[in-house]
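Structure first, then comments.
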Amino acid sequence: LLSKEVLNDGSAFPSGPSLDDSNDASMADASSAVSSVPPTANDPNAEDPTAPVSFPSRESTPLDLAPVRRRYFGPNLTLSQEAIADALSQRLGAKVKQNSRLLSTLPAFISVPRVRTLSACHLERWLQSPAISGLARPLFVELVQAMRNVEPPLKEDIAAIDYILAMKLKANQLNTHIENIKAICRAIPTLSVSRHIFLQLLRQEYIELDSRSKSTQVAPPGMTFLVSVYETLPSSIALGALASALYDVVGEFCSSEEGELSFSETTSRADRIITLVRTVASALGALY
């Protein structure tokens, strides 16, 4: 098909462009012509390639953290928690006012046991400060929710519970105080923690018997907490914990490490124990 001219020496020289070259040129011209035509000119249903692409939203899809390796574990976790608690202890011990920035930061570290203890130790003062009480109330709730339900209980959580039970708040904060103590009972409904709570409340009531008028008919604040705890706990745990706590109170206040008590002192303590038991029975009513 090629047009060739035979030379004298027998070699062939192409006299014009070959068919392949013509086809390549025509295909290039056609390609450039097609590319210059917008896709929507030929197909009205075709999508514009310059339009932005919208990807499906993943907001409703939960993030799977299983393959993420924990940075702190074992000894590293213990050392990091000690460093955090030591830094907080130094900050609280400094002679400066506790500001809102500190209280807004504490919830991020409330999972550290010593941070819970240190926070509970200063919680009464924070709740009574008009400047930071608004931040102290949610911190109180998060502190209680972070307590761990383990057996035996963490000593840091027991110390935090003691600080919470010993707080003397204003009357308008009494309901918040009671609700958080009830939250502790729901979070850690164990016999050991329940017994400890009852024991602390009974000790406080025993000490305050002398300062309270015997003729008053108003239920003491400690009994209000005790009844709330008793009603919150499962009945089997509440019965055993209260009985054990009463037994411990009798053993504590009817004996002395310094030696035998005199007859008058023994009689006085016995009367106070009887009064305490009667106060508990009167506060619980049909529940006792």
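We name chains A, B, ... following the order of the structure tokens; residues begin at 1 in each chain, and ligands are numbered from 1 as shown.
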
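Near A:Leu154, within 9 Å and counting only C-alpha atoms, sit Pro113, Met147 and Arg148 of chain A, not including residues fewer than 6 positions from it in the same chain.
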
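Around A:Asn180, within 9 Å and counting only C-alpha atoms, the residues found are Phe140, Val141, Val144, Ile164, Asn175 and Cys185 of chain A, once anything fewer than 5 positions away on its own chain is removed.
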
Legend entry - 12 Å contact set for stretch 251-256 of chain A, only C-alpha atoms, chain neighbours under 6 positions out, as a ChimeraX atom specification: /A:199,202-203,206-207,244-245,262-274,276

Please produce a file of those selected residues containing N, CA, C and O atoms, as a JSON list (two decimals), in the first residue's frame.
[["chain", "number", "residue", "atom", "x", "y", "z"],
["A", 199, "LEU", "N", -20.45, 3.82, 109.80],
["A", 199, "LEU", "CA", -19.60, 4.01, 110.96],
["A", 199, "LEU", "C", -19.20, 5.47, 111.12],
["A", 199, "LEU", "O", -19.21, 6.02, 112.24],
["A", 202, "LEU", "N", -22.27, 7.41, 112.38],
["A", 202, "LEU", "CA", -22.56, 7.11, 113.79],
["A", 202, "LEU", "C", -21.53, 7.76, 114.71],
["A", 202, "LEU", "O", -21.87, 8.23, 115.80],
["A", 203, "ARG", "N", -20.28, 7.79, 114.30],
["A", 203, "ARG", "CA", -19.26, 8.47, 115.11],
["A", 203, "ARG", "C", -19.57, 9.96, 115.26],
["A", 203, "ARG", "O", -19.48, 10.52, 116.36],
["A", 206, "TYR", "N", -22.51, 10.39, 117.60],
["A", 206, "TYR", "CA", -22.14, 10.12, 118.99],
["A", 206, "TYR", "C", -21.42, 11.33, 119.60],
["A", 206, "TYR", "O", -21.69, 11.72, 120.75],
["A", 207, "ILE", "N", -20.52, 11.94, 118.85],
["A", 207, "ILE", "CA", -19.77, 13.09, 119.36],
["A", 207, "ILE", "C", -20.68, 14.29, 119.56],
["A", 207, "ILE", "O", -20.49, 15.09, 120.49],
["A", 244, "SER", "N", -23.13, -4.02, 111.72],
["A", 244, "SER", "CA", -21.69, -4.09, 111.95],
["A", 244, "SER", "C", -21.15, -2.76, 112.44],
["A", 244, "SER", "O", -20.28, -2.71, 113.32],
["A", 245, "ALA", "N", -21.66, -1.65, 111.88],
["A", 245, "ALA", "CA", -21.20, -0.33, 112.30],
["A", 245, "ALA", "C", -21.59, -0.04, 113.74],
["A", 245, "ALA", "O", -20.80, 0.52, 114.52],
["A", 262, "SER", "N", -13.49, 4.37, 134.53],
["A", 262, "SER", "CA", -14.16, 4.44, 135.83],
["A", 262, "SER", "C", -15.63, 4.07, 135.67],
["A", 262, "SER", "O", -16.17, 4.06, 134.56],
["A", 263, "PHE", "N", -16.27, 3.81, 136.82],
["A", 263, "PHE", "CA", -17.68, 3.41, 136.77],
["A", 263, "PHE", "C", -18.54, 4.54, 136.19],
["A", 263, "PHE", "O", -19.44, 4.30, 135.37],
["A", 264, "SER", "N", -18.26, 5.75, 136.58],
["A", 264, "SER", "CA", -19.06, 6.89, 136.09],
["A", 264, "SER", "C", -18.86, 7.10, 134.59],
["A", 264, "SER", "O", -19.81, 7.39, 133.86],
["A", 265, "GLU", "N", -17.61, 6.99, 134.14],
["A", 265, "GLU", "CA", -17.35, 7.16, 132.70],
["A", 265, "GLU", "C", -17.97, 6.04, 131.89],
["A", 265, "GLU", "O", -18.52, 6.28, 130.80],
["A", 266, "THR", "N", -17.92, 4.83, 132.41],
["A", 266, "THR", "CA", -18.55, 3.70, 131.71],
["A", 266, "THR", "C", -20.06, 3.90, 131.62],
["A", 266, "THR", "O", -20.67, 3.66, 130.57],
["A", 267, "THR", "N", -20.66, 4.35, 132.71],
["A", 267, "THR", "CA", -22.10, 4.60, 132.71],
["A", 267, "THR", "C", -22.48, 5.71, 131.74],
["A", 267, "THR", "O", -23.47, 5.61, 131.00],
["A", 268, "SER", "N", -21.68, 6.77, 131.70],
["A", 268, "SER", "CA", -21.95, 7.89, 130.79],
["A", 268, "SER", "C", -21.87, 7.46, 129.33],
["A", 268, "SER", "O", -22.74, 7.80, 128.52],
["A", 269, "ARG", "N", -20.85, 6.69, 129.01],
["A", 269, "ARG", "CA", -20.71, 6.23, 127.62],
["A", 269, "ARG", "C", -21.81, 5.25, 127.25],
["A", 269, "ARG", "O", -22.30, 5.27, 126.11],
["A", 270, "ALA", "N", -22.18, 4.40, 128.18],
["A", 270, "ALA", "CA", -23.26, 3.46, 127.90],
["A", 270, "ALA", "C", -24.57, 4.19, 127.64],
["A", 270, "ALA", "O", -25.35, 3.81, 126.74],
["A", 271, "ASP", "N", -24.83, 5.24, 128.41],
["A", 271, "ASP", "CA", -26.06, 6.02, 128.20],
["A", 271, "ASP", "C", -26.05, 6.69, 126.82],
["A", 271, "ASP", "O", -27.09, 6.75, 126.15],
["A", 272, "ARG", "N", -24.91, 7.17, 126.43],
["A", 272, "ARG", "CA", -24.82, 7.80, 125.11],
["A", 272, "ARG", "C", -25.00, 6.77, 123.99],
["A", 272, "ARG", "O", -25.60, 7.07, 122.95],
["A", 273, "ILE", "N", -24.48, 5.57, 124.18],
["A", 273, "ILE", "CA", -24.69, 4.52, 123.19],
["A", 273, "ILE", "C", -26.16, 4.18, 123.09],
["A", 273, "ILE", "O", -26.73, 4.00, 121.98],
["A", 274, "ILE", "N", -26.85, 4.08, 124.22],
["A", 274, "ILE", "CA", -28.28, 3.78, 124.21],
["A", 274, "ILE", "C", -29.05, 4.90, 123.51],
["A", 274, "ILE", "O", -29.96, 4.65, 122.71],
["A", 276, "LEU", "N", -27.87, 6.88, 121.25],
["A", 276, "LEU", "CA", -27.54, 6.79, 119.82],
["A", 276, "LEU", "C", -28.40, 5.74, 119.13],
["A", 276, "LEU", "O", -28.95, 5.99, 118.04]]

Inset, instruction - Write down as a PyMOL selection string the residues belonging to stretch 54-254 of chain A that are assigned helix (DSSP H, G or I) by DSSP computed on the backbone. - result: chain A and resi 75-93+100-109+113-127+133-145+155-165+171-187+191-208+221-232+235-253

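Among the candidates A:Ser282, A:Gln204, A:Ser194, A:Thr78, the one nearest to A:Pro153 when counting only C-alpha atoms is A:Ser194.
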
Inset, instruction - Pick out the residues sitting within 8 Å of stretch 123-136 of chain A, and hand them over as a list in words; count only C-alpha atoms, and ignore anything fewer than 2 positions along from it in its own chain. - result: Asn99, Ser100, Leu103, Ser104, Ser119, Ala120, Cys121, Pro138, Leu139, Phe140, Ile164, Met167, Lys168, Leu169 and Lys170 of chain A

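Between atom CA of A:Phe109 and atom CA of A:Arg70 lies a distance of 16.4 Å.
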
Legend entry - Distance query A:Glu156 at most 8 Å, only C-alpha atoms, self and fewer than 6 positions along chain excluded, as a ChimeraX atom specification: /A:113-114,116-117

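Computed from the coordinates, the atom CA of A:Val229 to atom CA of A:Lys182 distance equals 5.9 Å.
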
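Distance annotation: of A:Ala183, A:Val277, A:Ala238, A:Ile161, the residue with the minimal separation from A:Arg195 is A:Ala238; atom set is only C-alpha atoms.
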
Inset, instruction - For A:Ser89, please output as an MDAnalysis selection string all residues within 9 Å (counting only C-alpha atoms; exclusion window: fewer than 4 positions along the same chain). - result: chainID A and resid 84:85 93:94 115 118

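Here atom CA of A:Leu106 stands at a distance of 9.5 Å from atom CA of A:Leu143.
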